[in-house]
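One structure is given here, and the rest of the page talks about it.
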Amino acid sequence: MKIGIFDSGKGGTTVMAAIKERLPEAEYFYIGDSRNCPYGEKTDEELMKITRKHVETLKKKGARIIVIACNTATTRCIAKLRQEYPELKFVGTEPAIKLATETGVKRILVMATPGTIESERTARLMAEYQRPRQKIRLLACPGLADVIEAGAGIDEKLAELLAKIPAPEVIVLGCTHYSLIKPEIQKYFPEAKLIDGNEGVAKRVVELTKQM
Ligand code: DGL
């Protein structure tokens, strides 16, 4: 089984690791598109052009399952890509808002790129899953994926973004890059539970491989 995965850089490696744990025997093709990082500050048109190119490359390699290991590209492009490539199976990564609300806590913080925060998909996830008396704060984090990709300036960027945010009980890491800096984020909110969508993606990929 050939599985294609892409992201705007190294964030998607966290998703690939979760899939590999369940499917170690599959063959993986990974595109880490750091040249175009950040996706989170691009228009839908730009993102469609970029993601189409990755899908073509992975399709040529023989992948029939394509994992979009990027919340931004998923929330903005997956519906169109599914229409354009009906012969492929797409699995997307989206902010784990459903999982977070199911914990029943009152204060949830969603950290993601501006593109994901402003997406219709995020609005729909909130409308669908937010429970009465639950407060969900959406925090767009421009520049955070860039510093993670570069491996420098992470502490300064986090201070700028998080210093004034009241402590949440659950934090949704709505960008795959953020899963790489869990300990740094946890330092600001030691009591908070950090959630990402990686396990959900891995489970979905396993389900699909069983159907193929
Ligand atoms: N890793 C990506 C995500 O999950 C995007 C980071 C970026 O390129 O802005 O949203």
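In the structure tokens, chains take letters A, B, ... by order of appearance, with residues numbered from 1 within each chain and ligands from 1 in the order shown.
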
Go through chain A and flag each residue having an atom no more than 6 Å from ligand 1; for those, report the closest pair of atoms plus their distance in Å to one decimal, using only C-alpha atoms and all ligand atoms, ordered by chain and rising number, as a tab-separated table.
```
residue	atom	partner	partner_atom_place_in_ligand_line	distance
A:Asp7	CA	ligand 1	1 (N)	5.8
A:Ser8	CA	ligand 1	8 (O)	4.7
A:Gly11	CA	ligand 1	1 (N)	4.8
A:Cys37	CA	ligand 1	8 (O)	4.3
A:Pro38	CA	ligand 1	8 (O)	3.2
A:Tyr39	CA	ligand 1	8 (O)	3.6
A:Gly40	CA	ligand 1	9 (O)	3.5
A:Cys70	CA	ligand 1	4 (O)	3.4
A:Asn71	CA	ligand 1	4 (O)	3.8
A:Thr72	CA	ligand 1	10 (O)	4.0
A:Thr113	CA	ligand 1	9 (O)	5.6
A:Ala145	CA	ligand 1	6 (C)	4.9
A:Cys175	CA	ligand 1	4 (O)	3.2
A:Thr176	CA	ligand 1	4 (O)	3.9
A:His177	CA	ligand 1	1 (N)	4.7
```

Those selected residues, please, written with N, CA, C and O atoms and delivered as an mmCIF file, in the first residue's frame.
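Once everything was written out, this is part.cif:
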```cif
data_model
loop_
_atom_site.group_PDB
_atom_site.id
_atom_site.type_symbol
_atom_site.label_atom_id
_atom_site.label_comp_id
_atom_site.auth_asym_id
_atom_site.auth_seq_id
_atom_site.Cartn_x
_atom_site.Cartn_y
_atom_site.Cartn_z
ATOM 1 N N ASP A 7 2.632 18.373 3.505
ATOM 2 C CA ASP A 7 2.457 19.496 4.423
ATOM 3 C C ASP A 7 3.390 20.610 3.945
ATOM 4 O O ASP A 7 4.242 20.389 3.081
ATOM 5 N N SER A 8 3.272 21.762 4.566
ATOM 6 C CA SER A 8 4.136 22.883 4.199
ATOM 7 C C SER A 8 5.488 22.785 4.901
ATOM 8 O O SER A 8 6.072 23.800 5.255
ATOM 9 N N GLY A 11 5.721 19.856 9.791
ATOM 10 C CA GLY A 11 4.566 19.589 10.653
ATOM 11 C C GLY A 11 3.931 18.236 10.390
ATOM 12 O O GLY A 11 3.577 17.497 11.315
ATOM 13 N N CYS A 37 6.155 27.458 2.715
ATOM 14 C CA CYS A 37 5.692 27.729 4.079
ATOM 15 C C CYS A 37 5.738 29.236 4.296
ATOM 16 O O CYS A 37 6.727 29.868 3.917
ATOM 17 N N PRO A 38 4.722 29.887 4.865
ATOM 18 C CA PRO A 38 3.536 29.298 5.480
ATOM 19 C C PRO A 38 2.342 29.220 4.530
ATOM 20 O O PRO A 38 2.080 30.146 3.790
ATOM 21 N N TYR A 39 1.617 28.085 4.621
ATOM 22 C CA TYR A 39 0.361 27.956 3.877
ATOM 23 C C TYR A 39 -0.721 28.831 4.535
ATOM 24 O O TYR A 39 -1.657 29.251 3.883
ATOM 25 N N GLY A 40 -0.548 29.028 5.818
ATOM 26 C CA GLY A 40 -1.587 29.672 6.628
ATOM 27 C C GLY A 40 -1.850 31.121 6.283
ATOM 28 O O GLY A 40 -2.789 31.730 6.776
ATOM 29 N N CYS A 70 -1.965 18.732 6.977
ATOM 30 C CA CYS A 70 -1.924 20.179 7.209
ATOM 31 C C CYS A 70 -3.355 20.650 7.384
ATOM 32 O O CYS A 70 -4.198 20.411 6.500
ATOM 33 N N ASN A 71 -3.622 21.280 8.511
ATOM 34 C CA ASN A 71 -4.984 21.758 8.785
ATOM 35 C C ASN A 71 -5.401 22.842 7.793
ATOM 36 O O ASN A 71 -6.545 22.883 7.350
ATOM 37 N N THR A 72 -4.455 23.710 7.444
ATOM 38 C CA THR A 72 -4.788 24.828 6.553
ATOM 39 C C THR A 72 -5.215 24.301 5.189
ATOM 40 O O THR A 72 -6.279 24.659 4.677
ATOM 41 N N THR A 113 -3.343 28.407 12.237
ATOM 42 C CA THR A 113 -2.901 29.479 11.335
ATOM 43 C C THR A 113 -4.078 30.412 11.056
ATOM 44 O O THR A 113 -5.242 30.005 11.210
ATOM 45 N N ALA A 145 4.148 28.890 12.576
ATOM 46 C CA ALA A 145 4.625 27.752 11.770
ATOM 47 C C ALA A 145 5.994 28.083 11.161
ATOM 48 O O ALA A 145 6.879 27.228 11.099
ATOM 49 N N CYS A 175 -2.683 23.099 14.019
ATOM 50 C CA CYS A 175 -1.690 23.181 12.941
ATOM 51 C C CYS A 175 -0.681 22.085 13.250
ATOM 52 O O CYS A 175 -0.231 21.957 14.406
ATOM 53 N N THR A 176 -0.362 21.288 12.260
ATOM 54 C CA THR A 176 0.478 20.119 12.537
ATOM 55 C C THR A 176 1.883 20.513 13.009
ATOM 56 O O THR A 176 2.527 19.763 13.725
ATOM 57 N N HIS A 177 2.330 21.702 12.624
ATOM 58 C CA HIS A 177 3.641 22.161 13.117
ATOM 59 C C HIS A 177 3.644 22.290 14.644
ATOM 60 O O HIS A 177 4.674 22.077 15.281
#
```

For Leu47 of chain A: contacts at 9 Å, only C-alpha atoms, fewer than 4 positions along chain excluded, given as a PyMOL selection string
chain A and resi 39+42-43+51-52+72-73+76-77

Go ahead and write the residues just picked, all heavy atoms, as a compact mmCIF listing (two decimals), in the first residue's frame.
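Output saved as result09.txt:
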```
# COMPACT_ATOMS: atom_id res chain seq x y z
N TYR A 39 1.62 28.09 4.62
CA TYR A 39 0.36 27.96 3.88
C TYR A 39 -0.72 28.83 4.53
O TYR A 39 -1.66 29.25 3.88
CB TYR A 39 -0.14 26.51 3.91
CG TYR A 39 0.57 25.53 3.01
CD1 TYR A 39 1.66 25.91 2.23
CD2 TYR A 39 0.13 24.21 2.92
CE1 TYR A 39 2.29 24.98 1.41
CE2 TYR A 39 0.74 23.30 2.10
CZ TYR A 39 1.83 23.67 1.34
OH TYR A 39 2.44 22.74 0.53
N LYS A 42 -1.85 32.17 2.90
CA LYS A 42 -2.02 32.21 1.44
C LYS A 42 -3.51 32.24 1.07
O LYS A 42 -4.37 31.85 1.86
CB LYS A 42 -1.37 30.98 0.81
CG LYS A 42 0.15 31.03 0.88
CD LYS A 42 0.79 30.05 -0.07
CE LYS A 42 2.26 30.31 -0.31
NZ LYS A 42 3.04 30.75 0.85
N THR A 43 -3.79 32.69 -0.16
CA THR A 43 -5.19 32.72 -0.62
C THR A 43 -5.61 31.30 -1.03
O THR A 43 -4.76 30.43 -1.27
CB THR A 43 -5.34 33.62 -1.86
OG1 THR A 43 -4.58 33.04 -2.93
CG2 THR A 43 -4.84 35.03 -1.59
N THR A 51 -1.43 22.69 -3.77
CA THR A 51 -1.85 21.35 -3.33
C THR A 51 -2.09 20.43 -4.53
O THR A 51 -1.76 19.25 -4.48
CB THR A 51 -3.10 21.39 -2.42
OG1 THR A 51 -4.15 22.09 -3.09
CG2 THR A 51 -2.82 22.10 -1.11
N ARG A 52 -2.63 20.99 -5.61
CA ARG A 52 -2.82 20.21 -6.84
C ARG A 52 -1.50 19.61 -7.31
O ARG A 52 -1.42 18.46 -7.71
CB ARG A 52 -3.33 21.14 -7.93
CG ARG A 52 -4.64 20.71 -8.49
CD ARG A 52 -5.05 21.66 -9.58
NE ARG A 52 -6.33 22.27 -9.30
CZ ARG A 52 -6.57 23.57 -9.25
NH1 ARG A 52 -5.61 24.44 -9.45
NH2 ARG A 52 -7.77 24.00 -8.98
N THR A 72 -4.45 23.71 7.44
CA THR A 72 -4.79 24.83 6.55
C THR A 72 -5.21 24.30 5.19
O THR A 72 -6.28 24.66 4.68
CB THR A 72 -3.57 25.76 6.38
OG1 THR A 72 -3.00 26.02 7.66
CG2 THR A 72 -3.96 27.05 5.70
N ALA A 73 -4.39 23.44 4.61
CA ALA A 73 -4.71 22.91 3.28
C ALA A 73 -5.98 22.06 3.33
O ALA A 73 -6.76 22.05 2.38
CB ALA A 73 -3.54 22.09 2.75
N ARG A 76 -9.14 24.42 3.67
CA ARG A 76 -9.38 25.27 2.51
C ARG A 76 -9.49 24.52 1.18
O ARG A 76 -10.10 25.05 0.25
CB ARG A 76 -8.27 26.34 2.36
CG ARG A 76 -7.77 26.91 3.63
CD ARG A 76 -8.25 28.18 4.12
NE ARG A 76 -8.72 29.24 3.32
CZ ARG A 76 -9.02 30.42 3.83
NH1 ARG A 76 -8.86 30.65 5.11
NH2 ARG A 76 -9.49 31.37 3.08
N CYS A 77 -8.88 23.35 1.06
CA CYS A 77 -8.79 22.72 -0.28
C CYS A 77 -9.38 21.32 -0.41
O CYS A 77 -9.59 20.86 -1.53
CB CYS A 77 -7.32 22.61 -0.71
SG CYS A 77 -6.42 24.15 -0.68
```

Identify, with DSSP run on backbone atoms, the residues in segment 63-142 of chain A assigned to alpha helix (DSSP H), and express the list as an MDAnalysis selection string. chainID A and resid 71:84 97:102 114:117 120:129

*Skip Ser119 of chain A itself and residues of its chain fewer than 2 positions away, then list as a ChimeraX atom specification all residues within 12 Å of it, counting only C-alpha atoms.*
/A:40-41,43-44,71-77,94-95,112-117,121-126,138,140,174

In terms of only C-alpha atoms, the residue from A:Val201, A:Ile97, A:Ile3, A:Val110 at minimal distance from Ile65 of chain A is A:Ile3

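Excluding Ile148 of chain A itself and any same-chain residue fewer than 3 positions from it, the protein and nucleic acid residues within 10 Å of it, counting only C-alpha atoms, are Gly9, Lys10, Gly11, Gly143, Leu144, Ala145, Gly151, Ala152, Gly153, Ile154, Asp155, Lys157, His177, Tyr178, Leu180 and Ile181 of chain A.
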
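For the atom pair formed by atom CA of Lys80 of chain A and atom CA of Leu23 of chain A, the distance is 27.5 Å, given to one decimal.
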
field: Every residue of chain A that DSSP places in strand (DSSP E or B), as a PyMOL selection string
entry: chain A and resi 2-7+27-32+65-68+89-92+107-112+135-140+170-173+193-195

So that I can see what lies close to segment 164-170 of chain A, please list as a list in words the residues with an atom at most 7 Å from it, counting only C-alpha atoms and leaving out residues fewer than 6 positions away in the same chain.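 Answer for this query is Ala100, Val105, Arg107, Ile108, Leu109, Phe189, Glu191, Ala192, Lys193 and Leu194 of chain A.
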
Deliver the residues from the most recent selection as a file, using C-alpha atoms, as an mmCIF file, in the first residue's frame.
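Printed below is result.cif as written:
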```
data_model
loop_
_atom_site.group_PDB
_atom_site.id
_atom_site.type_symbol
_atom_site.label_atom_id
_atom_site.label_comp_id
_atom_site.auth_asym_id
_atom_site.auth_seq_id
_atom_site.Cartn_x
_atom_site.Cartn_y
_atom_site.Cartn_z
ATOM 1 C CA ALA A 100 -11.897 18.930 22.780
ATOM 2 C CA VAL A 105 -14.338 21.289 29.931
ATOM 3 C CA ARG A 107 -12.373 26.741 28.537
ATOM 4 C CA ILE A 108 -10.903 25.611 25.209
ATOM 5 C CA LEU A 109 -8.185 27.381 23.255
ATOM 6 C CA PHE A 189 -0.277 26.388 30.587
ATOM 7 C CA GLU A 191 -2.422 22.317 33.676
ATOM 8 C CA ALA A 192 -3.884 22.244 30.168
ATOM 9 C CA LYS A 193 -4.447 19.098 28.133
ATOM 10 C CA LEU A 194 -3.014 19.392 24.605
#
```

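The coordinates place atom CA of Ala96 of chain A at 25.9 Å from atom CA of Ala63 of chain A.
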
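By only C-alpha atoms, and with residues fewer than 3 positions from Glu27 of chain A along its chain excluded, the set lying at most 12 Å from it is A:Met1, A:Lys2, A:Ile3, A:Gly4, A:Ile5, A:Met16, A:Ile19, A:Lys20, A:Leu23, A:Pro24, A:Tyr30, A:Leu58, A:Lys61, A:Gly62, A:Ala63, A:Arg64, A:Ile65.
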
Can I get the selected residues back with N, CA and C atoms, as a short mmCIF file (atom, residue, chain, number, x, y, z; two decimals), in the first residue's frame?
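Generated file (result28.cif):
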```cif
data_model
loop_
_atom_site.label_atom_id
_atom_site.label_comp_id
_atom_site.auth_asym_id
_atom_site.auth_seq_id
_atom_site.Cartn_x
_atom_site.Cartn_y
_atom_site.Cartn_z
N MET A 1 0.84 -1.21 0.00
CA MET A 1 0.00 0.00 0.00
C MET A 1 0.88 1.26 0.00
N LYS A 2 0.61 2.15 -0.98
CA LYS A 2 1.40 3.38 -1.07
C LYS A 2 0.57 4.55 -0.53
N ILE A 3 1.16 5.27 0.39
CA ILE A 3 0.44 6.38 1.01
C ILE A 3 1.23 7.68 0.78
N GLY A 4 0.55 8.66 0.19
CA GLY A 4 1.19 9.96 -0.05
C GLY A 4 0.78 10.94 1.04
N ILE A 5 1.73 11.73 1.51
CA ILE A 5 1.44 12.69 2.59
C ILE A 5 2.11 14.02 2.23
N MET A 16 2.50 11.65 10.01
CA MET A 16 3.04 10.43 9.40
C MET A 16 3.48 9.44 10.50
N ILE A 19 0.55 7.55 11.75
CA ILE A 19 0.06 6.55 10.78
C ILE A 19 1.01 5.35 10.75
N LYS A 20 2.31 5.65 10.73
CA LYS A 20 3.32 4.58 10.65
C LYS A 20 3.24 3.62 11.82
N LEU A 23 0.49 1.40 10.70
CA LEU A 23 0.70 0.73 9.40
C LEU A 23 2.19 0.75 9.05
N PRO A 24 3.01 0.03 9.79
CA PRO A 24 4.46 0.11 9.54
C PRO A 24 4.87 -0.48 8.19
N TYR A 30 6.56 11.33 1.29
CA TYR A 30 6.29 12.55 2.06
C TYR A 30 6.79 13.79 1.32
N LEU A 58 2.28 12.89 -6.03
CA LEU A 58 2.05 11.68 -5.22
C LEU A 58 1.29 10.63 -6.02
N LYS A 61 3.57 8.73 -8.15
CA LYS A 61 4.35 7.74 -7.38
C LYS A 61 3.54 6.47 -7.11
N GLY A 62 2.24 6.54 -7.40
CA GLY A 62 1.40 5.35 -7.22
C GLY A 62 0.56 5.39 -5.96
N ALA A 63 0.56 6.52 -5.24
CA ALA A 63 -0.25 6.61 -4.01
C ALA A 63 -1.73 6.74 -4.37
N ARG A 64 -2.56 5.95 -3.70
CA ARG A 64 -4.01 6.09 -3.92
C ARG A 64 -4.68 6.70 -2.70
N ILE A 65 -3.95 6.69 -1.59
CA ILE A 65 -4.44 7.42 -0.41
C ILE A 65 -3.54 8.63 -0.25
#
```

Across A:Tyr85, A:Phe6, A:Leu158, A:Lys98, the smallest distance to His54 of chain A, with only C-alpha atoms counted, is shown by A:Phe6

Expressed in Å, the length from atom CA of Ile78 of chain A to atom CA of Lys53 of chain A is 13.6 Å
